[in-house]
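Working notes, beginning with the structure itself.
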Amino acid sequence: MNGDDSSFEQCYRCYPVSFIEKAHLEKGDKIIMPPSALNRLASLHIEYPMLFQLSNVSVEKTTHCGVLEFTADEGLVFLPYWMMQNMSLQEGDILQIKNISLVKGTYIKLQPHTQDFLDISNPKAILETTLRSYSCLTTGDTIMVPYNNKKYFINVVEAKPSSAVSIIETDCEVDFAPPLDYKEPEKLPKLTPSKKRPLEVEEEEEEANKVPKFTPFTGSGKRLDGKPQTKPTEEEDTKQEENGKDDEKLSSTTPRQKPGKLVFGSNSKPSAKETVKVDPKKIVQETSTKSEDAKFQVFTGKKYSLKG
């Protein structure tokens with residue numbers, strides 16, 4: 001026993017709660033201490049609920065817990081087995097216990113060991129129910145959550161405002177880190193379409209893109225007298241093709257007329273084959289008469305007399 005009158009500090013041999021047939025205490029962080037500890041704590045001015053710091057001095061590991069009963073044999077203390085594992089304790093090892101006061105927690109971050117805990121329908125609700133059996137949480141600890149005849153282990157990654165906090169009658173925000181066995185899904189490589197395409201597809205697209213040329217007067221002709229149309233011979237077909245080519249040449253040389261007017265004849269130059277003979281004398285006479293008509297003559301009308 002420590003000589004300080006304001007604190008409690010004592011060393012005990014530790015054993016798991018299953019030794020006294022209280023395996024249900026595995027669902028929380030409560031320990032069982034001897035009656036002498038209660039007598040000492042009652043004489044001290046300590047805060048309630050009673051919280052304790054557990055230390056394994058040989059490996060320098062520390063955690064925190066609450067107390068459920070003072071019914072253990074003198075010199076012994078019983079605690080959940082998962083707490084013994086966190087502090088690397090074996091049955092009968094020496095454990096140092098000291099009373100402590102912890103601030104109320106406002107935030108904790110937890111990390112499940114396996115993904116199957118997050119596959120539960122409502123993991124936060126199950127965790128909230130489980131944490132009601134806990135008095136405090138310490139950063140670095142691993143707590144056990146039993147559900148459906150299965151044990152889920154969860155690491156305490158972070159706690160605020162301190163590394164060890166009390167969670168009794170407090171509103172605490174809970175956050176989850178990715179599980180330890182979580183693996184990010186592999187990114188599939190993007191499939192880039194190959195530039196080479198089958199020849200058949202290219203040929204089909206070329207045929208589809210071809211636009212049929214317009215060819216006028218391709219229909220069948222009918223006679224006005226009702227007689228059957230005679231099939232043109234090959235010679236006539238060739239002549240028609242030649243005449244069509246000549247018409248195209250003439251149309252390309254003749255200037256375009258304004259729309260909305262009818263033009264008779266053609267302004268194109270006469271071909272060499274169709275030469276027109278012109279009499280030069282007639283041309284001189286026509287030009288002279290046109291020039292005389294064009295001159296203005298004074299008093300060229302009929303004469304009238306005032307006498308009548």
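Residue numbering restarts at 1 for every chain of the structure tokens, chains are lettered A, B, ... in their displayed order, and ligands are numbered from 1 as they appear.
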
For this session: Would you list the contacts of Pro161 in chain A as a VMD selection string, taking every protein, DNA or RNA residue within 10 Å and counting only C-alpha atoms, but skipping same-chain residues closer than 3 positions in sequence?
Result: chain A and resid 103 to 108 158 164 to 165

Could those selected residues go to a file with C-alpha atoms, as a PDB file, in the first residue's frame?
```pdb
ATOM      1  CA  VAL A 103     -12.190  13.402 -18.550  1.00  0.00           C
ATOM      2  CA  LYS A 104     -15.349  12.566 -20.454  1.00  0.00           C
ATOM      3  CA  GLY A 105     -14.759  11.591 -24.049  1.00  0.00           C
ATOM      4  CA  THR A 106     -16.202  13.547 -26.970  1.00  0.00           C
ATOM      5  CA  TYR A 107     -14.764  11.552 -29.890  1.00  0.00           C
ATOM      6  CA  ILE A 108     -13.384   8.067 -30.471  1.00  0.00           C
ATOM      7  CA  GLU A 158      -7.962   7.740 -31.375  1.00  0.00           C
ATOM      8  CA  ALA A 164      -7.760   7.906 -22.158  1.00  0.00           C
ATOM      9  CA  VAL A 165     -11.356   9.044 -21.674  1.00  0.00           C
TER      10      VAL A 165
END
```

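Within the 12 Å cut-off around Ile46 in chain A, using only C-alpha atoms and omitting residues fewer than 6 positions from it on the same chain, the listed residues are Asp5, Ser6, Ser7, Phe8, Leu38, Arg40, Phe52, Lys98, Asn99, Ile100 and Ser101 of chain A.
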
If you keep N, CA, C and O atoms, can you produce a file of those selected residues as a PDB file, in the first residue's frame?
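Resulting contents of out32.pdb:
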```pdb
ATOM      1  N   ASP A   5      -1.926   9.510   1.369  1.00  0.00           N
ATOM      2  CA  ASP A   5      -3.291   9.396   1.874  1.00  0.00           C
ATOM      3  C   ASP A   5      -4.331   9.814   0.853  1.00  0.00           C
ATOM      4  O   ASP A   5      -5.523   9.561   1.043  1.00  0.00           O
ATOM      5  N   SER A   6      -3.926  10.485  -0.250  1.00  0.00           N
ATOM      6  CA  SER A   6      -4.892  11.006  -1.219  1.00  0.00           C
ATOM      7  C   SER A   6      -5.066  10.091  -2.416  1.00  0.00           C
ATOM      8  O   SER A   6      -5.871  10.388  -3.295  1.00  0.00           O
ATOM      9  N   SER A   7      -4.316   9.004  -2.537  1.00  0.00           N
ATOM     10  CA  SER A   7      -4.420   8.121  -3.696  1.00  0.00           C
ATOM     11  C   SER A   7      -4.329   6.659  -3.269  1.00  0.00           C
ATOM     12  O   SER A   7      -3.833   6.341  -2.178  1.00  0.00           O
ATOM     13  N   PHE A   8      -4.798   5.827  -4.196  1.00  0.00           N
ATOM     14  CA  PHE A   8      -4.743   4.386  -3.954  1.00  0.00           C
ATOM     15  C   PHE A   8      -3.815   3.760  -4.993  1.00  0.00           C
ATOM     16  O   PHE A   8      -3.955   3.993  -6.194  1.00  0.00           O
ATOM     17  N   LEU A  38     -11.533  -1.912  -1.050  1.00  0.00           N
ATOM     18  CA  LEU A  38     -12.705  -1.062  -0.804  1.00  0.00           C
ATOM     19  C   LEU A  38     -12.531  -0.258   0.472  1.00  0.00           C
ATOM     20  O   LEU A  38     -12.874   0.934   0.516  1.00  0.00           O
ATOM     21  N   ARG A  40      -9.801   0.798   1.836  1.00  0.00           N
ATOM     22  CA  ARG A  40      -8.824   1.871   1.594  1.00  0.00           C
ATOM     23  C   ARG A  40      -9.441   2.974   0.754  1.00  0.00           C
ATOM     24  O   ARG A  40      -9.260   4.162   1.049  1.00  0.00           O
ATOM     25  N   PHE A  52      -9.648   3.167 -12.613  1.00  0.00           N
ATOM     26  CA  PHE A  52      -8.304   2.736 -12.230  1.00  0.00           C
ATOM     27  C   PHE A  52      -7.393   2.650 -13.458  1.00  0.00           C
ATOM     28  O   PHE A  52      -7.850   2.385 -14.584  1.00  0.00           O
ATOM     29  N   LYS A  98      -3.883   1.605  -9.780  1.00  0.00           N
ATOM     30  CA  LYS A  98      -3.872   2.946  -9.180  1.00  0.00           C
ATOM     31  C   LYS A  98      -5.163   3.651  -9.544  1.00  0.00           C
ATOM     32  O   LYS A  98      -5.631   3.562 -10.687  1.00  0.00           O
ATOM     33  N   ASN A  99      -5.747   4.337  -8.581  1.00  0.00           N
ATOM     34  CA  ASN A  99      -6.977   5.072  -8.900  1.00  0.00           C
ATOM     35  C   ASN A  99      -6.647   6.314  -9.719  1.00  0.00           C
ATOM     36  O   ASN A  99      -5.564   6.921  -9.586  1.00  0.00           O
ATOM     37  N   ILE A 100      -7.575   6.730 -10.590  1.00  0.00           N
ATOM     38  CA  ILE A 100      -7.325   7.845 -11.509  1.00  0.00           C
ATOM     39  C   ILE A 100      -8.653   8.519 -11.847  1.00  0.00           C
ATOM     40  O   ILE A 100      -9.731   7.914 -11.721  1.00  0.00           O
ATOM     41  N   SER A 101      -8.564   9.769 -12.269  1.00  0.00           N
ATOM     42  CA  SER A 101      -9.739  10.515 -12.717  1.00  0.00           C
ATOM     43  C   SER A 101      -9.564  10.836 -14.206  1.00  0.00           C
ATOM     44  O   SER A 101      -8.512  11.363 -14.607  1.00  0.00           O
TER      45      SER A 101
END
```

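Distance annotation: of A:His113, A:Arg132, A:Lys61, A:His45, the residue with the minimal separation from Lys30 in chain A is A:Arg132; atom set is only C-alpha atoms.
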
Exercise. CA of Asp141 in chain A and CA of Leu54 in chain A are how many Å apart?
Worked result: 12.2 Å

Excluding range 16-23 of chain A and residues on its chain fewer than 4 positions from it, collect all residues at most 12 Å away from it, counting only C-alpha atoms, and give them as a tab-separated table (two decimals) with N, CA, C and O atoms, in the first residue's frame.
```
chain	number	residue	atom	x	y	z
A	27	LYS	N	-17.54	-9.08	-21.49
A	27	LYS	CA	-18.22	-8.11	-22.36
A	27	LYS	C	-18.02	-6.67	-21.90
A	27	LYS	O	-18.73	-5.77	-22.37
A	28	GLY	N	-17.12	-6.41	-21.02
A	28	GLY	CA	-16.88	-5.04	-20.56
A	28	GLY	C	-15.46	-4.88	-20.05
A	28	GLY	O	-14.57	-5.68	-20.34
A	29	ASP	N	-15.24	-3.82	-19.27
A	29	ASP	CA	-13.90	-3.53	-18.73
A	29	ASP	C	-13.91	-3.47	-17.20
A	29	ASP	O	-13.07	-2.79	-16.59
A	30	LYS	N	-14.85	-4.17	-16.56
A	30	LYS	CA	-14.94	-4.16	-15.09
A	30	LYS	C	-14.07	-5.27	-14.49
A	30	LYS	O	-14.01	-6.38	-15.03
A	31	ILE	N	-13.41	-4.95	-13.38
A	31	ILE	CA	-12.56	-5.91	-12.69
A	31	ILE	C	-13.15	-6.20	-11.30
A	31	ILE	O	-14.04	-5.48	-10.82
A	32	ILE	N	-12.63	-7.25	-10.67
A	32	ILE	CA	-13.05	-7.62	-9.30
A	32	ILE	C	-11.83	-7.54	-8.39
A	32	ILE	O	-10.79	-8.14	-8.67
A	33	MET	N	-11.97	-6.76	-7.33
A	33	MET	CA	-10.87	-6.49	-6.40
A	33	MET	C	-11.19	-7.08	-5.01
A	33	MET	O	-12.35	-7.38	-4.70
A	68	LEU	N	-16.27	-3.67	-10.59
A	68	LEU	CA	-17.62	-4.17	-10.43
A	68	LEU	C	-17.89	-4.63	-8.99
A	68	LEU	O	-18.92	-4.28	-8.40
A	69	GLU	N	-16.95	-5.40	-8.42
A	69	GLU	CA	-17.15	-5.95	-7.07
A	69	GLU	C	-15.84	-5.94	-6.29
A	69	GLU	O	-14.75	-5.84	-6.89
A	71	THR	N	-14.98	-8.64	-4.13
A	71	THR	CA	-15.21	-9.97	-3.56
A	71	THR	C	-14.05	-10.94	-3.82
A	71	THR	O	-14.17	-12.14	-3.53
A	72	ALA	N	-12.96	-10.45	-4.37
A	72	ALA	CA	-11.84	-11.34	-4.69
A	72	ALA	C	-11.05	-11.69	-3.43
A	72	ALA	O	-11.14	-10.99	-2.39
A	73	ASP	N	-10.31	-12.77	-3.51
A	73	ASP	CA	-9.43	-13.14	-2.40
A	73	ASP	C	-8.35	-12.09	-2.24
A	73	ASP	O	-7.94	-11.43	-3.21
A	76	LEU	N	-5.38	-10.89	-4.72
A	76	LEU	CA	-5.71	-11.28	-6.10
A	76	LEU	C	-6.66	-10.26	-6.72
A	76	LEU	O	-7.42	-9.58	-6.02
A	77	VAL	N	-6.62	-10.22	-8.02
A	77	VAL	CA	-7.54	-9.39	-8.79
A	77	VAL	C	-7.91	-10.18	-10.05
A	77	VAL	O	-7.08	-10.87	-10.64
A	78	PHE	N	-9.19	-10.06	-10.45
A	78	PHE	CA	-9.68	-10.78	-11.63
A	78	PHE	C	-10.14	-9.75	-12.69
A	78	PHE	O	-10.85	-8.79	-12.35
A	79	LEU	N	-9.75	-9.98	-13.90
A	79	LEU	CA	-10.06	-9.04	-14.97
A	79	LEU	C	-10.37	-9.79	-16.28
A	79	LEU	O	-9.99	-10.97	-16.43
A	80	PRO	N	-11.05	-9.15	-17.24
A	80	PRO	CA	-11.35	-9.81	-18.52
A	80	PRO	C	-10.07	-10.25	-19.22
A	80	PRO	O	-9.03	-9.57	-19.15
A	81	TYR	N	-10.20	-11.35	-19.93
A	81	TYR	CA	-9.00	-11.92	-20.56
A	81	TYR	C	-8.48	-11.02	-21.67
A	81	TYR	O	-7.26	-10.96	-21.89
A	82	TRP	N	-9.36	-10.30	-22.38
A	82	TRP	CA	-8.88	-9.43	-23.46
A	82	TRP	C	-8.01	-8.30	-22.89
A	82	TRP	O	-7.11	-7.82	-23.59
A	83	MET	N	-8.25	-7.87	-21.65
A	83	MET	CA	-7.41	-6.85	-21.03
A	83	MET	C	-6.03	-7.43	-20.69
A	83	MET	O	-5.00	-6.74	-20.85
A	84	MET	N	-6.01	-8.69	-20.27
A	84	MET	CA	-4.73	-9.33	-20.00
A	84	MET	C	-3.92	-9.46	-21.30
A	84	MET	O	-2.69	-9.27	-21.30
A	85	GLN	N	-4.59	-9.73	-22.39
A	85	GLN	CA	-3.89	-9.82	-23.68
A	85	GLN	C	-3.33	-8.46	-24.10
A	85	GLN	O	-2.22	-8.38	-24.64
A	89	LEU	N	-0.16	-9.95	-20.24
A	89	LEU	CA	-0.14	-10.56	-18.91
A	89	LEU	C	-0.47	-12.05	-18.99
A	89	LEU	O	-1.33	-12.46	-19.78
A	90	GLN	N	0.19	-12.82	-18.17
A	90	GLN	CA	-0.10	-14.24	-18.02
A	90	GLN	C	-0.77	-14.46	-16.65
A	90	GLN	O	-0.73	-13.60	-15.78
A	91	GLU	N	-1.35	-15.62	-16.47
A	91	GLU	CA	-2.01	-15.94	-15.20
A	91	GLU	C	-0.98	-15.92	-14.05
A	91	GLU	O	0.07	-16.54	-14.14
A	92	GLY	N	-1.33	-15.14	-13.02
A	92	GLY	CA	-0.45	-15.04	-11.86
A	92	GLY	C	0.60	-13.94	-11.94
A	92	GLY	O	1.38	-13.76	-11.00
A	93	ASP	N	0.64	-13.17	-13.07
A	93	ASP	CA	1.60	-12.06	-13.16
A	93	ASP	C	1.21	-10.92	-12.22
A	93	ASP	O	0.05	-10.78	-11.83
```

Problem set entry | Spatial neighbours of range 142-144 of chain A, 6 Å, only C-alpha atoms, chain gap at least 5 places, as number ranges by chain | A: 152-155

Residues just named, written with C-alpha atoms as an mmCIF file, in the first residue's frame:
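result25.cif was written with the following content:
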```cif
data_model
loop_
_atom_site.group_PDB
_atom_site.id
_atom_site.type_symbol
_atom_site.label_atom_id
_atom_site.label_comp_id
_atom_site.auth_asym_id
_atom_site.auth_seq_id
_atom_site.Cartn_x
_atom_site.Cartn_y
_atom_site.Cartn_z
ATOM 1 C CA TYR A 152 -15.197 -9.107 -33.085
ATOM 2 C CA PHE A 153 -11.990 -7.333 -32.076
ATOM 3 C CA ILE A 154 -11.752 -3.580 -32.529
ATOM 4 C CA ASN A 155 -8.781 -1.258 -32.035
#
```

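Coordinates place CA of Val57 in chain A at a distance of 7.5 Å from CA of Gln96 in chain A.
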
Seminar exercise, completed: The distance between CA of Asp119 in chain A and CA of Thr63 in chain A is 29.2 Å

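Across A:Leu137, A:Cys172, A:Val145, A:Cys14, the tightest approach to Leu95 in chain A is made by A:Cys14 when counting only C-alpha atoms.
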
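Take the candidates A:Pro49, A:Phe70, A:Glu9, A:Cys65 and check each one against Pro34 in chain A using only C-alpha atoms; the shortest distance goes to A:Phe70.
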
Problem set entry | From A:Glu74, A:Thr139, A:Phe176, A:Thr170, residue lying nearest Leu127 in chain A [only C-alpha atoms] | A:Phe176

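Proximity of A:Ser121, A:Gln111, A:Thr129, A:Ser162 to Leu180 in chain A, computed with only C-alpha atoms, is greatest for A:Gln111.
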
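Shell of Asn148 in chain A at 12 Å, with only C-alpha atoms counted and residues fewer than 5 places along the chain excluded, is Phe117, Ile120 and Ile126 of chain A.
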